[in-house]
file final25.cif (mmCIF, C-alpha atoms and all ligand atoms)
data_entry
loop_
_atom_site.label_atom_id
_atom_site.label_comp_id
_atom_site.auth_asym_id
_atom_site.auth_seq_id
_atom_site.Cartn_x
_atom_site.Cartn_y
_atom_site.Cartn_z
CA MET A 21 55.13 155.21 -17.10
CA LYS A 22 51.90 156.34 -15.51
CA ILE A 23 50.84 152.74 -15.16
CA LEU A 24 54.12 151.82 -13.54
CA LYS A 25 53.61 154.49 -10.90
CA THR A 26 50.10 153.27 -10.33
CA CYS A 27 51.27 149.82 -9.45
CA ILE A 28 53.96 151.01 -7.13
CA THR A 29 51.54 153.31 -5.43
CA PHE A 30 49.01 150.60 -4.97
CA ASN A 31 51.37 147.88 -3.87
CA GLY A 32 53.72 150.07 -1.92
CA GLY A 33 51.39 150.13 1.05
CA LYS A 34 50.03 147.40 3.20
CA TYR A 35 49.67 144.88 0.41
CA MET A 36 53.38 144.31 -0.14
CA LYS A 37 54.37 142.28 2.84
CA ASN A 38 57.26 140.04 1.89
CA ALA A 39 59.85 139.20 -0.74
CA SER A 40 57.54 137.00 -2.71
CA ASP A 41 55.01 139.79 -2.92
CA ILE A 42 57.74 142.11 -4.12
CA SER A 43 58.83 139.79 -6.90
CA THR A 44 55.20 139.28 -7.86
CA LEU A 45 54.87 143.04 -7.96
CA PHE A 46 57.77 143.45 -10.36
CA LEU A 47 56.49 140.70 -12.62
CA PHE A 48 53.14 142.38 -12.56
CA VAL A 49 54.61 145.82 -13.22
CA SER A 50 56.47 144.42 -16.22
CA PHE A 51 53.33 142.85 -17.57
CA ILE A 52 51.24 145.96 -17.14
CA SER A 53 53.92 148.18 -18.67
CA ILE A 54 54.23 145.94 -21.71
CA ALA A 55 50.48 145.63 -22.05
CA GLY A 56 50.09 149.39 -21.78
CA ALA A 57 52.83 150.06 -24.32
CA ALA A 58 51.26 147.55 -26.69
CA GLY A 59 48.00 149.43 -26.51
CA LEU A 60 46.08 146.53 -25.03
CA PHE A 61 44.02 148.87 -22.89
CA THR A 62 41.65 150.35 -25.36
CA ALA A 63 38.22 151.87 -25.38
CA ASP A 64 36.84 148.51 -26.49
CA ILE A 65 37.26 146.85 -23.12
CA ALA A 66 35.82 149.90 -21.42
CA ALA A 67 32.55 149.45 -23.24
CA ALA A 68 31.70 146.10 -21.62
CA GLY A 69 30.90 144.99 -18.10
CA PRO A 70 29.85 146.96 -15.06
CA VAL A 71 29.29 150.70 -15.02
CA VAL A 72 30.69 153.07 -12.42
CA SER A 73 29.02 156.44 -12.63
CA PHE A 74 28.87 159.64 -10.69
CA LYS A 75 25.33 160.60 -9.84
CA GLN A 76 24.26 162.78 -12.72
CA ASN A 77 22.61 166.21 -12.78
CA MET A 78 24.10 167.26 -9.46
CA GLU A 79 24.16 170.88 -8.41
CA ALA A 80 26.62 172.41 -5.97
CA LYS A 81 26.02 175.56 -3.99
CA PRO A 82 28.95 177.95 -3.83
CA GLY A 83 30.37 178.06 -0.31
CA GLU A 84 28.56 174.91 0.81
CA GLN A 85 29.27 171.19 0.86
CA LEU A 86 28.59 168.74 -1.91
CA VAL A 87 28.11 164.99 -1.37
CA LEU A 88 28.69 163.20 -4.63
CA PRO A 89 27.62 159.52 -4.80
CA ILE A 90 29.54 157.18 -7.10
CA GLU A 91 27.20 154.44 -8.26
CA LEU A 92 27.94 150.89 -9.39
CA SER A 93 25.67 148.93 -11.69
CA GLY A 94 26.06 145.57 -13.37
CA ALA A 95 27.95 144.31 -10.33
CA ALA A 96 26.37 140.88 -10.10
CA GLU A 97 28.51 138.05 -11.49
CA SER A 98 31.27 140.43 -12.52
CA GLY A 99 33.53 139.08 -9.77
CA ILE A 100 34.64 142.46 -8.46
CA GLY A 101 36.94 142.09 -5.46
CA GLY A 102 38.30 145.62 -5.25
CA PHE A 103 38.57 148.93 -7.04
CA MET A 104 40.74 151.97 -7.50
CA LEU A 105 39.05 155.23 -8.40
CA ARG A 106 41.45 157.98 -9.35
CA LEU A 107 39.68 161.27 -9.70
CA SER A 108 40.60 164.45 -11.45
CA TYR A 109 38.92 167.79 -10.77
CA ASP A 110 39.57 171.48 -10.27
CA THR A 111 40.98 171.74 -6.76
CA SER A 112 40.31 175.47 -6.66
CA ILE A 113 36.59 174.65 -6.78
CA PHE A 114 36.27 171.28 -5.01
CA ARG A 115 38.25 171.27 -1.78
CA ASN A 116 38.93 169.05 1.25
CA PRO A 117 37.72 165.76 -0.26
CA ARG A 118 36.44 163.21 2.27
CA VAL A 119 35.19 159.71 1.58
CA ILE A 120 31.88 158.64 3.08
CA LEU A 121 31.24 154.92 3.44
CA GLU A 122 28.00 155.08 5.39
CA GLY A 123 25.08 154.00 3.28
CA THR A 124 27.31 152.57 0.54
CA LEU A 125 28.43 149.14 -0.60
CA CYS A 126 31.68 149.76 1.32
CA GLU A 127 30.03 150.50 4.63
CA GLY A 128 31.91 148.94 7.52
CA ASN A 129 34.89 147.88 5.37
CA PRO A 130 38.07 149.05 7.13
CA ASP A 131 40.33 148.33 4.15
CA VAL A 132 39.11 151.19 1.97
CA ILE A 133 41.95 153.67 1.56
CA SER A 134 41.85 157.18 0.19
CA GLY A 135 44.02 160.21 -0.14
CA PRO A 136 45.28 163.08 -2.24
CA ALA A 137 47.80 162.57 -5.02
CA ARG A 138 51.43 163.57 -4.78
CA ASP A 139 52.80 166.39 -6.90
CA TYR A 140 53.82 164.13 -9.76
CA ASP A 141 50.58 162.15 -9.98
CA PRO A 142 48.26 163.08 -12.80
CA TRP A 143 45.16 162.55 -10.70
CA THR A 144 43.88 164.55 -7.75
CA PHE A 145 42.39 162.13 -5.25
CA SER A 146 42.08 158.37 -5.07
CA ILE A 147 39.83 155.88 -3.31
CA GLY A 148 40.51 152.16 -3.39
CA ILE A 149 40.52 148.73 -1.90
CA GLY A 150 42.43 145.76 -3.29
CA PHE A 151 40.55 142.82 -1.85
CA SER A 152 37.75 141.74 0.43
CA PHE A 153 35.26 143.87 -1.42
CA SER A 154 32.33 141.98 -2.82
CA ALA A 155 29.48 143.61 -4.70
CA SER A 156 26.63 141.30 -5.58
CA LEU A 157 24.09 144.09 -5.66
CA ASP A 158 24.08 147.38 -7.49
CA GLY A 159 24.20 150.50 -5.40
CA VAL A 160 26.32 153.40 -4.29
CA LEU A 161 29.95 152.30 -4.30
CA VAL A 162 31.27 155.17 -2.19
CA LYS A 163 30.47 158.84 -1.70
CA ILE A 164 32.87 161.72 -1.81
CA GLN A 165 32.24 165.00 -0.04
CA PHE A 166 33.74 168.34 -1.00
CA ASP A 167 33.73 171.89 0.26
CA VAL A 168 32.66 173.96 -2.74
CA SER A 169 34.44 177.25 -3.37
CA GLU A 170 32.43 180.42 -3.02
CA ASP A 171 33.78 181.35 -6.43
CA PHE A 172 32.09 178.40 -8.12
CA LYS A 173 30.19 179.63 -11.17
CA GLU A 174 28.64 177.80 -14.09
CA LYS A 175 29.91 174.22 -14.14
CA SER A 176 32.89 171.99 -13.52
CA THR A 177 33.75 168.35 -14.15
CA VAL A 178 34.81 165.58 -11.81
CA SER A 179 36.27 162.81 -13.94
CA PHE A 180 37.73 159.36 -13.59
CA MET A 181 41.40 159.36 -14.49
CA SER A 182 42.30 156.88 -17.28
CA PRO A 183 39.44 154.37 -17.03
CA ASN A 184 40.56 150.72 -16.95
CA GLN A 185 44.14 151.82 -16.38
CA GLU A 186 44.68 154.07 -13.38
CA THR A 187 41.00 153.83 -12.51
CA TYR A 188 39.68 150.30 -12.46
CA LEU A 189 37.63 147.54 -10.88
CA ASN A 190 39.66 144.46 -10.08
CA LYS A 191 39.38 140.84 -9.04
CA ASP A 192 40.23 140.08 -5.43
CA LEU A 193 44.03 140.43 -5.10
CA MET A 194 44.14 137.73 -2.41
CA GLN A 195 42.65 135.27 -4.86
CA THR A 196 44.81 136.26 -7.83
CA GLY A 197 48.10 136.05 -5.93
CA PHE A 198 48.40 139.84 -5.97
CA ASN A 199 48.21 139.98 -9.74
CA LEU A 200 46.02 142.84 -10.76
CA GLU A 201 43.22 141.50 -12.93
CA ILE A 202 41.10 144.36 -14.16
CA VAL A 203 37.38 143.81 -14.61
CA PRO A 204 36.55 145.84 -17.72
CA ALA A 205 34.07 148.56 -16.85
CA GLN A 206 32.60 151.76 -18.12
CA PHE A 207 33.25 154.92 -16.10
CA VAL A 208 30.97 157.94 -16.41
CA ASP A 209 32.19 161.38 -15.31
CA ALA A 210 30.16 164.05 -13.51
CA GLU A 211 29.42 167.50 -14.74
CA ILE A 212 28.49 169.56 -11.69
CA ASN A 213 26.45 172.70 -12.19
CA ALA A 214 26.57 175.66 -9.88
CA ALA A 215 23.22 176.10 -8.16
CA LYS A 216 21.58 179.37 -8.97
CA PRO A 217 21.47 181.83 -6.10
CA LEU A 218 18.11 182.40 -4.45
CA SER A 219 17.23 185.54 -6.31
CA TYR A 220 14.67 186.81 -8.70
CA GLU A 221 15.97 184.60 -11.50
CA ARG A 222 15.11 181.42 -9.61
CA TRP A 223 11.39 182.00 -10.12
CA ASP A 224 11.84 182.58 -13.82
CA PHE A 225 11.59 178.87 -14.59
CA ASN A 226 11.44 179.21 -18.37
CA GLU A 227 14.21 181.83 -18.31
CA ASP A 228 12.43 184.35 -20.49
CA GLY A 229 13.29 187.31 -18.25
CA SER A 230 9.94 187.63 -16.52
CA VAL A 231 8.14 185.82 -13.70
CA ASP A 232 4.61 185.38 -14.99
CA TYR A 233 1.78 183.02 -15.85
CA ALA A 234 4.00 180.74 -17.93
CA ASP A 235 6.16 180.10 -14.87
CA ILE A 236 3.09 179.39 -12.75
CA VAL A 237 2.01 176.75 -15.28
CA LEU A 238 5.41 175.09 -15.06
CA PHE A 239 5.33 175.26 -11.27
CA LYS A 240 1.84 173.75 -11.13
CA SER A 241 2.98 170.71 -13.12
CA HIS A 242 5.31 169.80 -10.23
CA TRP A 243 2.88 170.62 -7.42
CA LEU A 244 3.27 168.37 -4.34
CA THR A 245 6.00 166.24 -5.87
CA THR A 246 8.75 165.24 -3.43
CA CYS A 247 12.42 164.42 -3.82
CA TRP A 248 11.53 160.73 -3.63
CA ASP A 249 9.45 160.97 -6.80
CA TYR A 250 10.93 159.83 -10.08
CA ASP A 251 9.98 163.13 -11.73
CA TRP A 252 11.44 165.26 -8.91
CA GLU A 253 12.71 168.57 -10.21
CA PRO A 254 14.69 170.53 -7.58
CA LEU A 255 14.44 173.70 -9.66
CA TYR A 256 10.94 174.24 -8.25
CA ASP A 257 11.83 173.55 -4.61
CA LEU A 258 12.55 177.20 -3.92
CA VAL A 259 12.24 176.75 -0.17
CA GLU A 260 14.22 173.56 0.10
CA ASP A 261 12.23 171.00 2.07
CA CYS A 262 12.08 168.18 -0.45
CA GLU A 263 8.55 169.03 -1.51
CA ILE A 264 7.01 171.46 -3.98
CA ASN A 265 4.45 172.99 -1.71
CA VAL A 266 2.83 176.13 -0.37
CA PHE A 267 6.11 177.57 0.87
CA ASP A 268 7.47 177.55 -2.66
CA LEU A 269 4.22 178.98 -3.99
CA ALA A 270 4.47 181.90 -1.59
CA GLY A 271 7.88 182.81 -2.96
CA LEU A 272 6.67 182.54 -6.51
CA ALA A 273 3.65 184.73 -5.78
CA ASP A 274 5.85 187.38 -4.19
CA ASN A 275 8.05 187.58 -7.25
CA LEU A 276 5.39 187.77 -9.97
CA ASN A 277 5.86 190.68 -12.34
CA CA B 301 9.38 183.26 -17.05
CA CA B 302 9.68 173.32 -1.01
#

call {"tool": "encode", "arguments": {"input": "final25.cif", "output": "structure tokens", "more": "lines below"}}
Ligand SMILES: [Ca+2]
Ligand SMILES: [Ca+2]
result
Amino acid sequence: MKILKTCITFNGGKYMKNASDISTLFLFVSFISIAGAAGLFTADIAAAGPVVSFKQNMEAKPGEQLVLPIELSGAAESGIGGFMLRLSYDTSIFRNPRVILEGTLCEGNPDVISGPARDYDPWTFSIGIGFSFSASLDGVLVKIQFDVSEDFKEKSTVSFMSPNQETYLNKDLMQTGFNLEIVPAQFVDAEINAAKPLSYERWDFNEDGSVDYADIVLFKSHWLTTCWDYDWEPLYDLVEDCEINVFDLAGLADNLN
């Protein structure tokens, strides 16, 4: 039943233009429903093909904004012509979702649609395009921006809803006669950690309850690295300027026990 709703949602908009599209839709809905009931969508097909992944190890600051890139790899020769990402997350923590296309593989594509779910949908927010999307290179598929609740503590997950069913990559609908042909893919969720507040604890890098020589040694091993370096570790960028430098050292020195 979830799959049925998916199809209606997707085709109920601009893509369903005439009677022939409508009959195609119902044929397609029947097929998908039967396939779903028969258990044809299994974890096996999710293991192959391209990978869609949230950027990992992201931190969010309570009360601030979070931009979360969704990355695509293995795109070449997979024949992707569209996608539907249905996301599920705690809406009391991640609020006012907006899609950013600038700097992504979707930049400049006016057909990307997005929006919140209705009350009866099991997902929270969706982003998709049915056709005219072509990814020959790997990169950031889209970005999603949230306002993060001031109450955000610890961690929270942003996940893809039902990979290869409600969330999927697909062949170009224009070329498949509006039959949804899913390109099997792997989808990797995000676990977002709450950034630690700028307080004494932030200088206690090894979290042993004291800011001392051991923390200086750890700090020194990241000296003058920048956020463009492969071994970038934002934990040490106490004064956030994308470099571990003298400004961070000053803070560390001030907080030594
Ligand atoms: Ca320490
Ligand atoms: Ca810094």

call {"tool": "residues_near_point", "arguments": {"input": "final25.cif", "point": "(42.6, 160.9, -11.4)", "cutoff": "6 Å", "atoms": "all atoms listed in the file", "output": "mmCIF file with C-alpha atoms, in the coordinates of the input"}}
result
data_model
loop_
_atom_site.group_PDB
_atom_site.id
_atom_site.type_symbol
_atom_site.label_atom_id
_atom_site.label_comp_id
_atom_site.auth_asym_id
_atom_site.auth_seq_id
_atom_site.Cartn_x
_atom_site.Cartn_y
_atom_site.Cartn_z
ATOM 1 C CA ARG A 106 41.450 157.980 -9.350
ATOM 2 C CA LEU A 107 39.680 161.270 -9.700
ATOM 3 C CA SER A 108 40.600 164.450 -11.450
ATOM 4 C CA TRP A 143 45.160 162.550 -10.700
ATOM 5 C CA THR A 144 43.880 164.550 -7.750
ATOM 6 C CA PHE A 180 37.730 159.360 -13.590
ATOM 7 C CA MET A 181 41.400 159.360 -14.490
#

call {"tool": "closest_atom_pairs", "arguments": {"input": "final25.cif", "of": "chain A", "to": "ligand CA 301 (chain B)", "cutoff": "12 Å", "atoms": "only C-alpha atoms and all ligand atoms", "output": "Markdown table"}}
result
| residue | atom | partner | partner_atom | distance |
| --- | --- | --- | --- | --- |
| A:Tyr220 | CA | B:CA301 | CA | 10.5 |
| A:Glu221 | CA | B:CA301 | CA | 8.7 |
| A:Arg222 | CA | B:CA301 | CA | 9.6 |
| A:Trp223 | CA | B:CA301 | CA | 7.3 |
| A:Asp224 | CA | B:CA301 | CA | 4.1 |
| A:Phe225 | CA | B:CA301 | CA | 5.5 |
| A:Asn226 | CA | B:CA301 | CA | 4.7 |
| A:Glu227 | CA | B:CA301 | CA | 5.2 |
| A:Asp228 | CA | B:CA301 | CA | 4.7 |
| A:Gly229 | CA | B:CA301 | CA | 5.8 |
| A:Ser230 | CA | B:CA301 | CA | 4.4 |
| A:Val231 | CA | B:CA301 | CA | 4.4 |
| A:Asp232 | CA | B:CA301 | CA | 5.6 |
| A:Tyr233 | CA | B:CA301 | CA | 7.7 |
| A:Ala234 | CA | B:CA301 | CA | 6.0 |
| A:Asp235 | CA | B:CA301 | CA | 5.0 |
| A:Ile236 | CA | B:CA301 | CA | 8.5 |
| A:Val237 | CA | B:CA301 | CA | 10.0 |
| A:Leu238 | CA | B:CA301 | CA | 9.3 |
| A:Phe239 | CA | B:CA301 | CA | 10.7 |
| A:Leu272 | CA | B:CA301 | CA | 10.9 |
| A:Asn275 | CA | B:CA301 | CA | 10.8 |
| A:Leu276 | CA | B:CA301 | CA | 9.3 |
| A:Asn277 | CA | B:CA301 | CA | 9.5 |

call {"tool": "closest_atom_pairs", "arguments": {"input": "final25.cif", "of": "chain A", "to": "ligand CA 302 (chain B)", "cutoff": "12 Å", "atoms": "only C-alpha atoms and all ligand atoms", "output": "JSON lines"}}
result
{"residue": "A:Phe239", "atom": "CA", "partner": "B:CA302", "partner_atom": "CA", "distance": 11.3}
{"residue": "A:His242", "atom": "CA", "partner": "B:CA302", "partner_atom": "CA", "distance": 10.8}
{"residue": "A:Trp243", "atom": "CA", "partner": "B:CA302", "partner_atom": "CA", "distance": 9.7}
{"residue": "A:Leu244", "atom": "CA", "partner": "B:CA302", "partner_atom": "CA", "distance": 8.8}
{"residue": "A:Thr245", "atom": "CA", "partner": "B:CA302", "partner_atom": "CA", "distance": 9.3}
{"residue": "A:Thr246", "atom": "CA", "partner": "B:CA302", "partner_atom": "CA", "distance": 8.5}
{"residue": "A:Cys247", "atom": "CA", "partner": "B:CA302", "partner_atom": "CA", "distance": 9.7}
{"residue": "A:Trp252", "atom": "CA", "partner": "B:CA302", "partner_atom": "CA", "distance": 11.4}
{"residue": "A:Glu253", "atom": "CA", "partner": "B:CA302", "partner_atom": "CA", "distance": 10.8}
{"residue": "A:Pro254", "atom": "CA", "partner": "B:CA302", "partner_atom": "CA", "distance": 8.7}
{"residue": "A:Leu255", "atom": "CA", "partner": "B:CA302", "partner_atom": "CA", "distance": 9.9}
{"residue": "A:Tyr256", "atom": "CA", "partner": "B:CA302", "partner_atom": "CA", "distance": 7.4}
{"residue": "A:Asp257", "atom": "CA", "partner": "B:CA302", "partner_atom": "CA", "distance": 4.2}
{"residue": "A:Leu258", "atom": "CA", "partner": "B:CA302", "partner_atom": "CA", "distance": 5.6}
{"residue": "A:Val259", "atom": "CA", "partner": "B:CA302", "partner_atom": "CA", "distance": 4.4}
{"residue": "A:Glu260", "atom": "CA", "partner": "B:CA302", "partner_atom": "CA", "distance": 4.7}
{"residue": "A:Asp261", "atom": "CA", "partner": "B:CA302", "partner_atom": "CA", "distance": 4.6}
{"residue": "A:Cys262", "atom": "CA", "partner": "B:CA302", "partner_atom": "CA", "distance": 5.7}
{"residue": "A:Glu263", "atom": "CA", "partner": "B:CA302", "partner_atom": "CA", "distance": 4.5}
{"residue": "A:Ile264", "atom": "CA", "partner": "B:CA302", "partner_atom": "CA", "distance": 4.4}
{"residue": "A:Asn265", "atom": "CA", "partner": "B:CA302", "partner_atom": "CA", "distance": 5.3}
{"residue": "A:Val266", "atom": "CA", "partner": "B:CA302", "partner_atom": "CA", "distance": 7.4}
{"residue": "A:Phe267", "atom": "CA", "partner": "B:CA302", "partner_atom": "CA", "distance": 5.9}
{"residue": "A:Asp268", "atom": "CA", "partner": "B:CA302", "partner_atom": "CA", "distance": 5.0}
{"residue": "A:Leu269", "atom": "CA", "partner": "B:CA302", "partner_atom": "CA", "distance": 8.4}
{"residue": "A:Ala270", "atom": "CA", "partner": "B:CA302", "partner_atom": "CA", "distance": 10.1}
{"residue": "A:Gly271", "atom": "CA", "partner": "B:CA302", "partner_atom": "CA", "distance": 9.9}
{"residue": "A:Leu272", "atom": "CA", "partner": "B:CA302", "partner_atom": "CA", "distance": 11.1}

call {"tool": "residues_around", "arguments": {"input": "final25.cif", "residues": "range 114-126 of chain A", "least_positions_apart": "4", "cutoff": "8 Å", "atoms": "only C-alpha atoms", "output": "list in words"}}
result
Tyr109, Asp110, Val132, Ser134, Phe145, Ile147, Phe153, Ala155, Gly159, Val160, Leu161, Val162, Lys163, Ile164, Gln165, Phe166, Asp167, Val168 and Ser169 of chain A

call {"tool": "atom_distance", "arguments": {"input": "final25.cif", "atom1": "CA of Ser179 in chain A", "atom2": "CA of Ile90 in chain A"}}
result
11.1 Å

call {"tool": "closest_residue", "arguments": {"input": "final25.cif", "among": "A:Gly94, A:Lys173, A:Ala214, A:Gly150", "to": "Gly197 in chain A", "atoms": "all atoms listed in the file"}}
result
A:Gly150

call {"tool": "closest_atom_pairs", "arguments": {"input": "final25.cif", "of": "range 91-112 of chain A", "to": "range 198-206 of chain A", "cutoff": "10 Å", "atoms": "all atoms listed in the file", "output": "CSV"}}
result
residue,atom,partner,partner_atom,distance
A:Leu92,CA,A:Ala205,CA,9.9
A:Ser93,CA,A:Ala205,CA,9.9
A:Gly94,CA,A:Ala205,CA,9.2
A:Ala95,CA,A:Ala205,CA,9.9
A:Ser98,CA,A:Val203,CA,7.3
A:Gly99,CA,A:Val203,CA,7.8
A:Ile100,CA,A:Val203,CA,6.9
A:Gly101,CA,A:Val203,CA,9.3
A:Gly102,CA,A:Ile202,CA,9.4
A:Phe103,CA,A:Ile202,CA,8.8

call {"tool": "atom_distance", "arguments": {"input": "final25.cif", "atom1": "CA of Pro183 in chain A", "atom2": "CA of Leu88 in chain A"}}
result
18.6 Å

call {"tool": "atom_distance", "arguments": {"input": "final25.cif", "atom1": "CA of Lys175 in chain A", "atom2": "CA of Glu79 in chain A"}}
result
8.8 Å

call {"tool": "build_atoms", "arguments": {"input": "final25.cif", "residues": "range 152-163 of chain A", "atoms": "N, CA and C atoms", "output": "PDB file, keeping the file's coordinate frame"}}
result
ATOM      1  N   SER A 152      38.798 141.867  -0.575  1.00  0.00           N
ATOM      2  CA  SER A 152      37.750 141.740   0.430  1.00  0.00           C
ATOM      3  C   SER A 152      36.571 142.684   0.193  1.00  0.00           C
ATOM      4  N   PHE A 153      36.458 143.125  -1.048  1.00  0.00           N
ATOM      5  CA  PHE A 153      35.260 143.870  -1.420  1.00  0.00           C
ATOM      6  C   PHE A 153      34.425 142.973  -2.328  1.00  0.00           C
ATOM      7  N   SER A 154      33.184 142.825  -2.009  1.00  0.00           N
ATOM      8  CA  SER A 154      32.330 141.980  -2.820  1.00  0.00           C
ATOM      9  C   SER A 154      31.016 142.688  -3.085  1.00  0.00           C
ATOM     10  N   ALA A 155      30.729 142.943  -4.344  1.00  0.00           N
ATOM     11  CA  ALA A 155      29.480 143.610  -4.700  1.00  0.00           C
ATOM     12  C   ALA A 155      28.608 142.664  -5.502  1.00  0.00           C
ATOM     13  N   SER A 156      27.568 142.150  -4.860  1.00  0.00           N
ATOM     14  CA  SER A 156      26.630 141.300  -5.580  1.00  0.00           C
ATOM     15  C   SER A 156      25.386 142.088  -5.970  1.00  0.00           C
ATOM     16  N   LEU A 157      25.240 143.242  -5.349  1.00  0.00           N
ATOM     17  CA  LEU A 157      24.090 144.090  -5.660  1.00  0.00           C
ATOM     18  C   LEU A 157      24.583 145.416  -6.214  1.00  0.00           C
ATOM     19  N   ASP A 158      23.762 146.034  -7.029  1.00  0.00           N
ATOM     20  CA  ASP A 158      24.080 147.380  -7.490  1.00  0.00           C
ATOM     21  C   ASP A 158      23.779 148.375  -6.372  1.00  0.00           C
ATOM     22  N   GLY A 159      24.455 149.476  -6.407  1.00  0.00           N
ATOM     23  CA  GLY A 159      24.200 150.500  -5.400  1.00  0.00           C
ATOM     24  C   GLY A 159      25.254 151.585  -5.458  1.00  0.00           C
ATOM     25  N   VAL A 160      25.314 152.337  -4.373  1.00  0.00           N
ATOM     26  CA  VAL A 160      26.320 153.400  -4.290  1.00  0.00           C
ATOM     27  C   VAL A 160      27.628 152.769  -3.816  1.00  0.00           C
ATOM     28  N   LEU A 161      28.655 152.904  -4.619  1.00  0.00           N
ATOM     29  CA  LEU A 161      29.950 152.300  -4.300  1.00  0.00           C
ATOM     30  C   LEU A 161      30.586 153.038  -3.123  1.00  0.00           C
ATOM     31  N   VAL A 162      30.797 154.303  -3.268  1.00  0.00           N
ATOM     32  CA  VAL A 162      31.270 155.170  -2.190  1.00  0.00           C
ATOM     33  C   VAL A 162      30.692 156.564  -2.457  1.00  0.00           C
ATOM     34  N   LYS A 163      30.830 157.432  -1.481  1.00  0.00           N
ATOM     35  CA  LYS A 163      30.470 158.840  -1.700  1.00  0.00           C
ATOM     36  C   LYS A 163      31.692 159.685  -1.405  1.00  0.00           C
TER      37      LYS A 163
END
